[in-house]
Amino acid sequence: MMRAPFRFSRNAVAEELSFPSPGTRHLAFDPVAFADGAPSQALRGQFPQLQFSSLGGAWTSGSLKGADVLLVAVDGASPVDVDGLCINLRESGRADQVVICLTNADLATTRRLIREGAADVLPAPVSEPALAATLERIVGRLETAAPLPAATGQVVSFLKAGGGVGSTALAVQVAAILADNGRGPRVCVVDLDVQFGSAAMYLDVQDSITIGQVLSTHGELSEMGFASALRPHASGARILGAPAEFVPLDALTPNVVDALVSALKRDFDIILLDLPTAWTAWTYRALRQSTRIVLVSQLTVPHAHLIRRQLNLIETQRLEDIPITLVCNRCGGDNPTGVSLRSVAGAVGRPFDVTVPDERKLMNEAINQGVALSTLRRGSKLEKALVQLGELIAPKAATAKPNRGN
């Protein structure tokens with residue numbers, strides 16, 4: 001049960017994220033989408049606010065090339081073309097302004113493109129009445145959208161090399177350190193491990209608002225005022241918890257993540273995203289919007305292979321431009337695995353940036369009591385390692401902790 005009513009502050013802004021200026025809109029289309037190679041005069045007349053022009057071929061990059069709406073065609077029988085289109089949708093950041101005309105359509109491909117955030121998927125050749133209904137929805141949203149306040153917060157994604165590495169515990173304790181009992185920056189941990197997340201439990205704020213409740217608000221997500229809605233922990237950190245009930249991974253979408261991150265960046269200086277081990281279209285979107293990725297692992301041979309695999313995937317998904325902080329958790333002690341940091345670093349191809357000592361008893365005590373480490377013992381090696389991680393995540397916040405009131 002929640003101790004306080006569940007309320008969000010709302011502003012007169014659009015229900016979804018979109019920032020075009022009012023006036024004439026530009027729709028660029030792939031001629032293959034239409035039976036006659038171009039939209040009819042009737043369709044053009046139905047949307048006088050749209051300027052139709054040909055893409056001149058296939059959509060080959062994530063850029064919308066100045067267009068407000070794209071109508072692109074793809075062959076569902078070509079895995080390479082579908083994969084390329086999915087990458088373009090992710091990189092565009094505006095997948096909800098892309099309509100896809102699908103030849104050789106099948107249910108699996110259609111569902112995949114919708115999960116990637118496409119505004120609609122229509123069979124080829126496109127039916128103009130069906131396209132008109134979709135365009136009406138997109139154009140209506142563009143015309144009613146108002147510019148949102150500046151979103152300047154830093155987004156740091158905690159990515160697990162594998163299950164059970166202690167990533168969530170590190171994320172919430174780093175948040176507590178950075179928040180510094182309300183004297184530091186505004187910090188929020190967002191538990192996006194929607195099936196097995198436990199961040200709220202680790203800081204004993206289980207009555208906090210959850211992702212499940214956020215999803216139930218549907219189109220109002222971008223209007224939410226999280227700073228006032230999320231109750232602060234004693235450390236000053238806030239937690240947006242995982243759903244109370246088990247939900248499928250595809251309950252989130254790239255568009256939802258875009259709106260969620262944008263709203264959080266307006267309300268907080270630092271947003272720590274605790275991601276699931278699974279890669280999905282929406283986890284990609286979360287990573288793409290990150291200013292840093294923290295990859296957490298342990299000192300074992302299997303985890304060395306998992307680190308390498310995650311780093312390879314980051315590269316193949318064109319995320320290598322985002323700084324990566326590599327963390328080895330639960331190091332030292334008796335080291336029962338017999339594996340050295342040097343050997344793992346050699347296998348991975350880079351050293352660890354932070355090594356967190358194996359003070360499991362202290363960490364478990366903090367988790368069980370729902371408190372920051374400093375509440376139990378100041379100056380521990382564990383806390384010092386997490387301070388180091390905090391300095392890498394947010395060096396300005398670590399050196400200058402302004403007073404902020406919420």
# chains A, B, ... in the order shown; residues from 1 in each chain; ligands from 1
$ residues_around --residues "range 317-327 of chain A" --least-positions-apart "4" --cutoff "7 Å" --atoms "only C-alpha atoms" --output "VMD selection string"
chain A and resid 288 291 to 297 313 352 to 355
$ write_last_selection --atoms "N, CA and C atoms" --output "mmCIF file, in the first residue's frame"
data_model
loop_
_atom_site.group_PDB
_atom_site.id
_atom_site.type_symbol
_atom_site.label_atom_id
_atom_site.label_comp_id
_atom_site.auth_asym_id
_atom_site.auth_seq_id
_atom_site.Cartn_x
_atom_site.Cartn_y
_atom_site.Cartn_z
ATOM 1 N N ARG A 288 21.120 4.143 -26.018
ATOM 2 C CA ARG A 288 21.432 5.177 -27.000
ATOM 3 C C ARG A 288 21.348 6.572 -26.388
ATOM 4 N N THR A 291 24.602 8.926 -21.344
ATOM 5 C CA THR A 291 25.879 9.641 -21.424
ATOM 6 C C THR A 291 27.035 8.727 -21.010
ATOM 7 N N ARG A 292 26.688 7.609 -20.365
ATOM 8 C CA ARG A 292 27.693 6.627 -19.961
ATOM 9 C C ARG A 292 27.010 5.278 -19.737
ATOM 10 N N ILE A 293 27.745 4.208 -20.034
ATOM 11 C CA ILE A 293 27.288 2.846 -19.742
ATOM 12 C C ILE A 293 28.214 2.254 -18.688
ATOM 13 N N VAL A 294 27.643 1.765 -17.599
ATOM 14 C CA VAL A 294 28.417 1.079 -16.564
ATOM 15 C C VAL A 294 28.159 -0.415 -16.728
ATOM 16 N N LEU A 295 29.186 -1.153 -17.128
ATOM 17 C CA LEU A 295 29.071 -2.585 -17.349
ATOM 18 C C LEU A 295 29.640 -3.318 -16.137
ATOM 19 N N VAL A 296 28.782 -4.042 -15.434
ATOM 20 C CA VAL A 296 29.158 -4.674 -14.168
ATOM 21 C C VAL A 296 29.343 -6.167 -14.367
ATOM 22 N N SER A 297 30.448 -6.690 -13.810
ATOM 23 C CA SER A 297 30.743 -8.114 -13.928
ATOM 24 C C SER A 297 31.369 -8.614 -12.635
ATOM 25 N N LEU A 313 28.526 -6.684 -28.635
ATOM 26 C CA LEU A 313 27.166 -6.291 -28.991
ATOM 27 C C LEU A 313 27.019 -4.775 -28.975
ATOM 28 N N PHE A 352 39.755 -3.102 -15.980
ATOM 29 C CA PHE A 352 38.596 -2.635 -15.233
ATOM 30 C C PHE A 352 38.866 -1.207 -14.762
ATOM 31 N N ASP A 353 37.834 -0.384 -14.810
ATOM 32 C CA ASP A 353 37.950 0.994 -14.340
ATOM 33 C C ASP A 353 37.769 1.087 -12.829
ATOM 34 N N VAL A 354 36.920 0.227 -12.283
ATOM 35 C CA VAL A 354 36.656 0.218 -10.848
ATOM 36 C C VAL A 354 36.585 -1.225 -10.376
ATOM 37 N N THR A 355 37.298 -1.532 -9.290
ATOM 38 C CA THR A 355 37.175 -2.854 -8.667
ATOM 39 C C THR A 355 36.529 -2.671 -7.299
#
$ residues_around --residues "His305 in chain A" --least-positions-apart "5" --cutoff "10 Å" --atoms "only C-alpha atoms" --output "PDB file with C-alpha atoms, in the first residue's frame"
ATOM      1  CA  ALA A 161      27.474  -8.812 -17.893  1.00  0.00           C
ATOM      2  CA  GLY A 162      25.267 -11.616 -16.558  1.00  0.00           C
ATOM      3  CA  THR A 300      35.108 -15.500 -13.145  1.00  0.00           C
ATOM      4  CA  GLN A 310      28.383  -7.464 -24.244  1.00  0.00           C
ATOM      5  CA  LEU A 311      31.195  -5.247 -25.535  1.00  0.00           C
ATOM      6  CA  VAL A 344      40.371 -11.259 -17.159  1.00  0.00           C
ATOM      7  CA  ALA A 347      40.799 -11.762 -22.135  1.00  0.00           C
ATOM      8  CA  VAL A 348      38.441  -8.792 -22.345  1.00  0.00           C
TER       9      VAL A 348
END
$ residues_around --residues "Val339 in chain A" --least-positions-apart "2" --cutoff "12 Å" --atoms "only C-alpha atoms" --output "PyMOL selection string"
chain A and resi 298-304+331-332+334-337+341-347
$ residues_around --residues "His233 in chain A" --least-positions-apart "6" --cutoff "9 Å" --atoms "only C-alpha atoms" --output "PyMOL selection string"
chain A and resi 176+181+203-205+239+371
$ write_last_selection --atoms "C-alpha atoms" --output "mmCIF file, in the first residue's frame"
data_model
loop_
_atom_site.group_PDB
_atom_site.id
_atom_site.type_symbol
_atom_site.label_atom_id
_atom_site.label_comp_id
_atom_site.auth_asym_id
_atom_site.auth_seq_id
_atom_site.Cartn_x
_atom_site.Cartn_y
_atom_site.Cartn_z
ATOM 1 C CA ALA A 176 22.783 7.418 -2.247
ATOM 2 C CA ASN A 181 21.472 13.367 2.060
ATOM 3 C CA LEU A 203 16.493 1.123 -0.326
ATOM 4 C CA ASP A 204 13.231 0.159 1.391
ATOM 5 C CA VAL A 205 11.037 2.512 -0.638
ATOM 6 C CA ILE A 239 13.575 5.408 -6.895
ATOM 7 C CA VAL A 371 20.043 2.232 4.101
#
$ atom_distance --atom1 "CA of Pro79 in chain A" --atom2 "CA of Thr277 in chain A"
24.7 Å
$ select_by_dssp --residues "range 178-380 of chain A" --states "alpha helix (DSSP H)" --output "PyMOL selection string"
chain A and resi 178-179+199-202+211-215+226-229+254-267+281-288+301-316+341-348+360-369+373-376
$ closest_residue --among "A:Arg266, A:Arg112, A:Arg309, A:Arg377" --to "Ala281 in chain A" --atoms "only C-alpha atoms"
A:Arg112
